$ cat upload.txt   # compact mmCIF, C-alpha atoms
# COMPACT_ATOMS: atom_id res chain seq x y z
CA MET A 241 -66.78 -74.73 -32.32
CA TRP A 242 -63.17 -74.83 -33.50
CA ASN A 243 -63.64 -71.44 -35.09
CA VAL A 244 -64.60 -69.93 -31.74
CA VAL A 245 -61.59 -71.52 -30.03
CA LEU A 246 -59.30 -70.25 -32.77
CA ILE A 247 -60.68 -66.72 -32.43
CA LEU A 248 -60.23 -66.81 -28.65
CA PHE A 249 -56.69 -68.09 -29.07
CA GLU A 250 -55.87 -65.27 -31.50
CA LEU A 251 -57.35 -62.69 -29.12
CA LEU A 252 -55.32 -64.12 -26.23
CA PHE A 253 -52.18 -64.00 -28.36
CA VAL A 254 -52.80 -60.36 -29.34
CA VAL A 255 -53.44 -59.37 -25.71
CA SER A 256 -50.26 -61.17 -24.61
CA ILE A 257 -48.24 -59.34 -27.27
CA ALA A 258 -49.76 -56.01 -26.19
CA ILE A 259 -48.96 -56.67 -22.54
CA ALA A 260 -45.41 -57.71 -23.44
CA LEU A 261 -44.90 -54.55 -25.50
CA ALA A 262 -46.25 -52.43 -22.65
CA TYR A 263 -43.79 -53.99 -20.18
CA LEU A 264 -40.98 -53.59 -22.71
CA TYR A 265 -41.85 -49.89 -23.16
CA GLN A 266 -41.86 -49.29 -19.41
CA TRP A 267 -38.53 -51.10 -18.99
CA VAL A 268 -36.84 -49.14 -21.78
CA ASN A 269 -38.30 -45.86 -20.48
CA LYS A 270 -37.03 -46.53 -16.94
CA LEU A 271 -33.63 -47.47 -18.31
CA PHE A 272 -33.19 -44.17 -20.15
CA ILE A 273 -34.54 -42.13 -17.27
CA LYS A 274 -32.07 -43.83 -14.91
CA GLN A 275 -29.22 -43.10 -17.29
CA ASP A 276 -30.24 -39.46 -17.49
CA ARG A 277 -30.26 -39.22 -13.72
CA CYS A 278 -26.78 -40.67 -13.49
CA VAL A 279 -25.26 -38.19 -15.91
CA ASP A 280 -22.77 -36.03 -14.05
CA THR A 281 -23.89 -32.46 -14.05
CA PRO A 282 -21.30 -29.74 -13.61
CA LYS A 283 -21.10 -28.66 -9.98
CA LEU A 284 -21.59 -25.02 -9.25
CA GLN A 285 -18.33 -23.52 -8.08
CA LYS A 286 -18.63 -21.90 -4.71
CA LEU A 287 -17.53 -18.32 -4.89
CA PRO A 288 -15.35 -17.10 -2.06
CA ILE A 289 -17.24 -15.07 0.47
CA LYS A 290 -16.09 -11.52 0.19
CA LYS A 291 -15.30 -10.04 3.55
CA GLU A 292 -17.27 -6.96 4.27
CA VAL A 293 -15.03 -3.93 4.10
CA THR A 294 -16.07 -1.89 7.08
CA LYS A 295 -15.31 1.71 7.78
CA GLU A 296 -13.33 0.64 10.85
CA ASN A 297 -11.08 -1.65 8.77
CA THR A 298 -10.40 1.11 6.26
CA LEU A 299 -9.54 3.64 8.95
CA LYS A 300 -7.24 1.16 10.69
CA LYS A 301 -5.34 0.48 7.47
CA GLN A 302 -4.95 4.19 6.88
CA GLY A 303 -3.73 4.68 10.44
CA ASP A 304 -1.25 1.79 10.20
CA ALA A 305 0.11 3.12 6.91
CA TYR A 306 0.65 6.55 8.45
CA GLU A 307 2.47 5.13 11.48
CA HIS A 308 4.76 3.17 9.18
CA PHE A 309 5.35 6.28 7.05
CA ILE A 310 6.43 8.36 10.07
CA GLY A 311 8.47 5.54 11.60
CA LYS A 312 10.40 4.96 8.40
CA GLN A 313 11.49 8.60 8.33
CA PHE A 314 13.12 8.17 11.74
CA GLU A 315 14.70 4.87 10.67
CA GLU A 316 16.29 6.60 7.68
CA LYS A 317 17.88 9.09 10.11
CA GLY A 318 19.52 6.24 12.03
CA TYR A 319 17.04 5.93 14.89
CA LEU A 320 15.94 2.63 16.33
CA VAL A 321 12.18 2.73 15.88
CA ILE A 322 9.91 0.58 18.00
CA TYR A 323 6.50 0.23 16.37
CA ASN A 324 4.75 0.08 19.68
CA GLY A 325 1.24 0.42 18.22
CA PHE A 326 1.77 -2.51 15.84
CA ILE A 327 3.24 -4.72 18.56
CA CYS A 328 0.92 -3.92 21.47
CA GLY A 329 -2.30 -2.89 19.70
CA PHE A 330 -4.79 -1.28 22.06
CA ASP A 331 -2.36 -1.81 24.94
CA ASP A 332 0.24 0.57 23.51
CA GLY A 333 -0.23 3.02 26.38
CA GLY A 334 -0.99 5.88 24.00
CA VAL A 335 2.38 5.71 22.21
CA ASP A 336 2.41 4.56 18.59
CA LEU A 337 6.15 4.89 17.98
CA VAL A 338 9.27 5.10 20.10
CA ALA A 339 12.30 6.48 18.27
CA ILE A 340 15.71 6.21 19.97
CA SER A 341 18.89 7.87 18.72
CA ALA A 342 21.89 5.67 17.92
CA ASP A 343 23.75 6.90 21.02
CA ALA A 344 20.62 6.25 23.14
CA LYS A 345 20.60 9.81 24.50
CA ILE A 346 17.48 11.13 22.73
CA LEU A 347 14.09 9.47 22.76
CA TYR A 348 10.90 10.44 20.95
CA LEU A 349 7.47 9.33 22.14
CA ILE A 350 5.20 9.66 19.14
CA GLN A 351 1.49 9.59 18.46
CA CYS A 352 0.24 9.48 14.84
CA LYS A 353 -3.20 10.59 13.67
CA ASN A 354 -4.10 10.18 10.02
CA TRP A 355 -7.36 12.06 10.41
CA GLN A 356 -8.96 13.47 7.28
CA LYS A 357 -12.48 14.45 8.32
CA MET A 358 -12.58 14.24 12.10
CA THR A 359 -12.10 17.59 13.83
CA MET A 360 -9.52 17.71 16.61
CA GLN A 361 -10.87 19.39 19.72
CA SER A 362 -9.13 20.47 22.93
CA HIS A 363 -10.15 17.31 24.79
CA HIS A 364 -8.50 15.18 22.09
CA LEU A 365 -5.21 17.02 22.51
CA GLU A 366 -5.37 16.87 26.28
CA THR A 367 -5.98 13.10 26.21
CA LEU A 368 -3.09 12.49 23.81
CA TYR A 369 -0.78 14.77 25.77
CA HIS A 370 -1.68 13.10 29.07
CA LYS A 371 -0.94 9.62 27.71
CA LEU A 372 2.48 10.71 26.46
CA GLN A 373 3.23 12.29 29.83
CA ILE A 374 2.45 9.21 31.90
CA TYR A 375 3.91 6.60 29.53
CA ASN A 376 5.85 4.10 31.62
CA PHE A 377 8.48 2.86 29.12
CA ASP A 378 6.66 -0.43 28.64
CA PHE A 379 8.60 -0.97 25.39
CA LEU A 380 11.62 -2.01 27.48
CA SER A 381 9.93 -5.36 28.12
CA LEU A 382 9.58 -6.17 24.41
CA SER A 383 11.76 -8.86 22.87
CA ILE A 384 14.29 -8.13 20.14
CA GLU A 385 12.28 -10.28 17.72
CA GLU A 386 9.14 -8.23 18.35
CA ILE A 387 11.07 -5.05 17.60
CA LYS A 388 12.90 -6.37 14.52
CA ILE A 389 9.87 -7.74 12.69
CA HIS A 390 8.41 -4.30 11.95
CA LEU A 391 11.60 -2.48 10.94
CA SER A 392 11.89 -1.25 7.35
CA ILE A 393 15.67 -0.97 7.65
CA PRO A 394 17.08 -4.10 9.34
CA LYS A 395 19.25 -3.77 12.44
CA GLU A 396 21.47 -6.38 14.04
CA ASP A 397 20.33 -7.99 17.27
CA LYS A 398 23.48 -6.78 19.00
CA SER A 399 22.82 -3.16 18.05
CA ILE A 400 19.21 -3.28 19.27
CA LYS A 401 20.23 -4.97 22.52
CA GLU A 402 22.92 -2.35 23.22
CA ILE A 403 20.53 0.57 22.65
CA ILE A 404 17.83 -0.92 24.88
CA LEU A 405 20.41 -1.64 27.59
CA LYS A 406 21.66 1.97 27.50
CA ILE A 407 18.10 3.25 27.83
CA LYS A 408 17.57 1.09 30.91
CA GLU A 409 20.82 2.29 32.48
CA HIS A 410 20.45 6.01 31.70
CA LYS A 411 16.68 6.41 31.73
CA GLU A 412 16.81 9.35 34.13
CA THR A 413 19.19 11.40 31.96
CA LEU A 414 17.41 10.92 28.63
CA THR A 415 16.28 13.85 26.54
CA ILE A 416 12.65 13.00 25.83
CA HIS A 417 10.52 14.64 23.15
CA GLN A 418 6.79 14.17 22.75
CA ILE A 419 5.35 14.60 19.28
CA LEU A 420 1.92 14.30 17.75
CA TYR A 421 2.03 13.81 13.97
CA ILE A 422 -1.09 14.73 12.02
CA SER A 423 -1.54 14.25 8.28
CA ASN A 424 -3.81 17.23 7.67
CA GLU A 425 -3.73 20.64 9.35
CA LYS A 426 -7.39 21.17 8.45
CA VAL A 427 -8.49 18.72 11.16
CA VAL A 428 -7.37 21.19 13.85
CA SER A 429 -10.37 23.19 14.99
CA LEU A 430 -10.11 26.98 14.74
CA GLU A 431 -10.98 27.28 18.40
CA MET A 432 -7.77 25.39 19.18
CA GLY A 433 -5.76 28.51 18.36
CA GLN A 434 -6.02 29.74 21.94
CA TYR A 435 -4.30 26.58 23.21
CA LEU A 436 -1.53 26.41 20.61
CA SER A 437 1.66 28.31 19.93
CA PHE A 438 3.61 28.36 16.69
CA SER A 439 7.33 27.66 16.46
CA LYS A 440 7.88 27.29 12.71
CA ASN A 441 6.16 26.14 9.54
CA GLN A 442 4.07 23.02 10.00
CA VAL A 443 4.99 22.81 13.71
CA LEU A 444 2.66 23.73 16.57
CA ASN A 445 3.09 23.43 20.31
CA TYR A 446 0.60 22.22 22.88
CA LYS A 447 2.19 22.51 26.33
CA LYS A 448 5.32 20.31 26.08
CA MET A 449 4.07 18.39 23.05
CA LYS A 450 4.93 19.35 19.50
CA ILE A 451 2.32 18.93 16.78
CA VAL A 452 3.84 18.30 13.37
CA VAL A 453 1.86 18.29 10.12
CA GLU A 454 3.30 15.59 7.87
CA ASN A 455 1.29 14.56 4.83
CA MET A 456 1.89 11.21 3.14
CA ALA A 457 1.27 12.64 -0.34

$ encode --input "upload.txt" --output "structure tokens"
Amino acid sequence: MWNVVLILFELLFVVSIAIALAYLYQWVNKLFIKQDRCVDTPKLQKLPIKKEVTKENTLKKQGDAYEHFIGKQFEEKGYLVIYNGFICGFDDGGVDLVAISADAKILYLIQCKNWQKMTMQSHHLETLYHKLQIYNFDFLSLSIEEIKIHLSIPKEDKSIKEIILKIKEHKETLTIHQILYISNEKVVSLEMGQYLSFSKNQVLNYKKMKIVVENMA
């Protein structure tokens, strides 16, 4: 009888030990798994989103660079240059640059076309010419700060103010020139020859508008 009880007691003890070991194993396993989950993993660095370079953006940059190139040439000759296209954007009235002589007696209304592949047809020229003809001197309403910010060669506020004032006072007696600058003579269609006259090298005439070939290279 006592032998049976002893055997049962031993079996119960062994089962208890086994259960305890099983619980201990599960507890240790959960502990390590939890630690692994809490380990800081390096965060993936977000790469900056690259802006899509569109054809329109590229052409605009090329056009802006060409306007600045032409404008700077007039600045170096002492003209006050108003970068009308930069200031007014699409509302520039068809005039990219306004160049005014130091004595405010000569004024250039300028369009710039940095075309490389596009072919210039007669309707292009007529549109550009018409816009230059009807331009209403909107630049006179610009502030001195708007004019100064785009200049390559700084001018004093007083000097700019005096020139603008003279233009307002003697607008009717100004000598006004209209010029279209193009960066590549190859963009002019051969059929345009019947509408153009030649005055000298690199200079063409379309009605009252001069067409000057001026390459940035």

$ residues_around --input "upload.txt" --residues "A:Ile407" --least-positions-apart "5" --cutoff "9 Å" --atoms "only C-alpha atoms" --output "mmCIF file with C-alpha atoms, in the frame of the given file"
data_model
loop_
_atom_site.group_PDB
_atom_site.id
_atom_site.type_symbol
_atom_site.label_atom_id
_atom_site.label_comp_id
_atom_site.auth_asym_id
_atom_site.auth_seq_id
_atom_site.Cartn_x
_atom_site.Cartn_y
_atom_site.Cartn_z
ATOM 1 C CA ILE A 340 15.710 6.210 19.970
ATOM 2 C CA ALA A 344 20.620 6.250 23.140
ATOM 3 C CA LYS A 345 20.600 9.810 24.500
ATOM 4 C CA LEU A 347 14.090 9.470 22.760
ATOM 5 C CA LEU A 380 11.620 -2.010 27.480
ATOM 6 C CA GLU A 402 22.920 -2.350 23.220
ATOM 7 C CA GLU A 412 16.810 9.350 34.130
ATOM 8 C CA LEU A 414 17.410 10.920 28.630
#

$ residues_around --input "upload.txt" --residues "A:Ile384" --least-positions-apart "6" --cutoff "12 Å" --atoms "all atoms listed in the file" --output "CSV table (one decimal) with C-alpha atoms, in the coordinates of the input"
chain,number,residue,atom,x,y,z
A,320,LEU,CA,15.9,2.6,16.3
A,321,VAL,CA,12.2,2.7,15.9
A,322,ILE,CA,9.9,0.6,18.0
A,327,ILE,CA,3.2,-4.7,18.6
A,390,HIS,CA,8.4,-4.3,12.0
A,391,LEU,CA,11.6,-2.5,10.9
A,394,PRO,CA,17.1,-4.1,9.3
A,395,LYS,CA,19.2,-3.8,12.4
A,396,GLU,CA,21.5,-6.4,14.0
A,397,ASP,CA,20.3,-8.0,17.3
A,398,LYS,CA,23.5,-6.8,19.0
A,399,SER,CA,22.8,-3.2,18.0
A,400,ILE,CA,19.2,-3.3,19.3
A,401,LYS,CA,20.2,-5.0,22.5
A,402,GLU,CA,22.9,-2.4,23.2
A,403,ILE,CA,20.5,0.6,22.6
A,404,ILE,CA,17.8,-0.9,24.9
A,405,LEU,CA,20.4,-1.6,27.6

$ closest_residue --input "upload.txt" --among "A:Asn297, A:Gln361, A:Gln302, A:Asn455" --to "A:Asn424" --atoms "only C-alpha atoms"
A:Asn455

$ atom_distance --input "upload.txt" --atom1 "atom CA of A:Ala305" --atom2 "atom CA of A:Asp332"
16.8 Å

$ atom_distance --input "upload.txt" --atom1 "atom CA of A:Met432" --atom2 "atom CA of A:Met358"
14.1 Å

$ atom_distance --input "upload.txt" --atom1 "atom CA of A:Leu444" --atom2 "atom CA of A:Met456"
18.4 Å
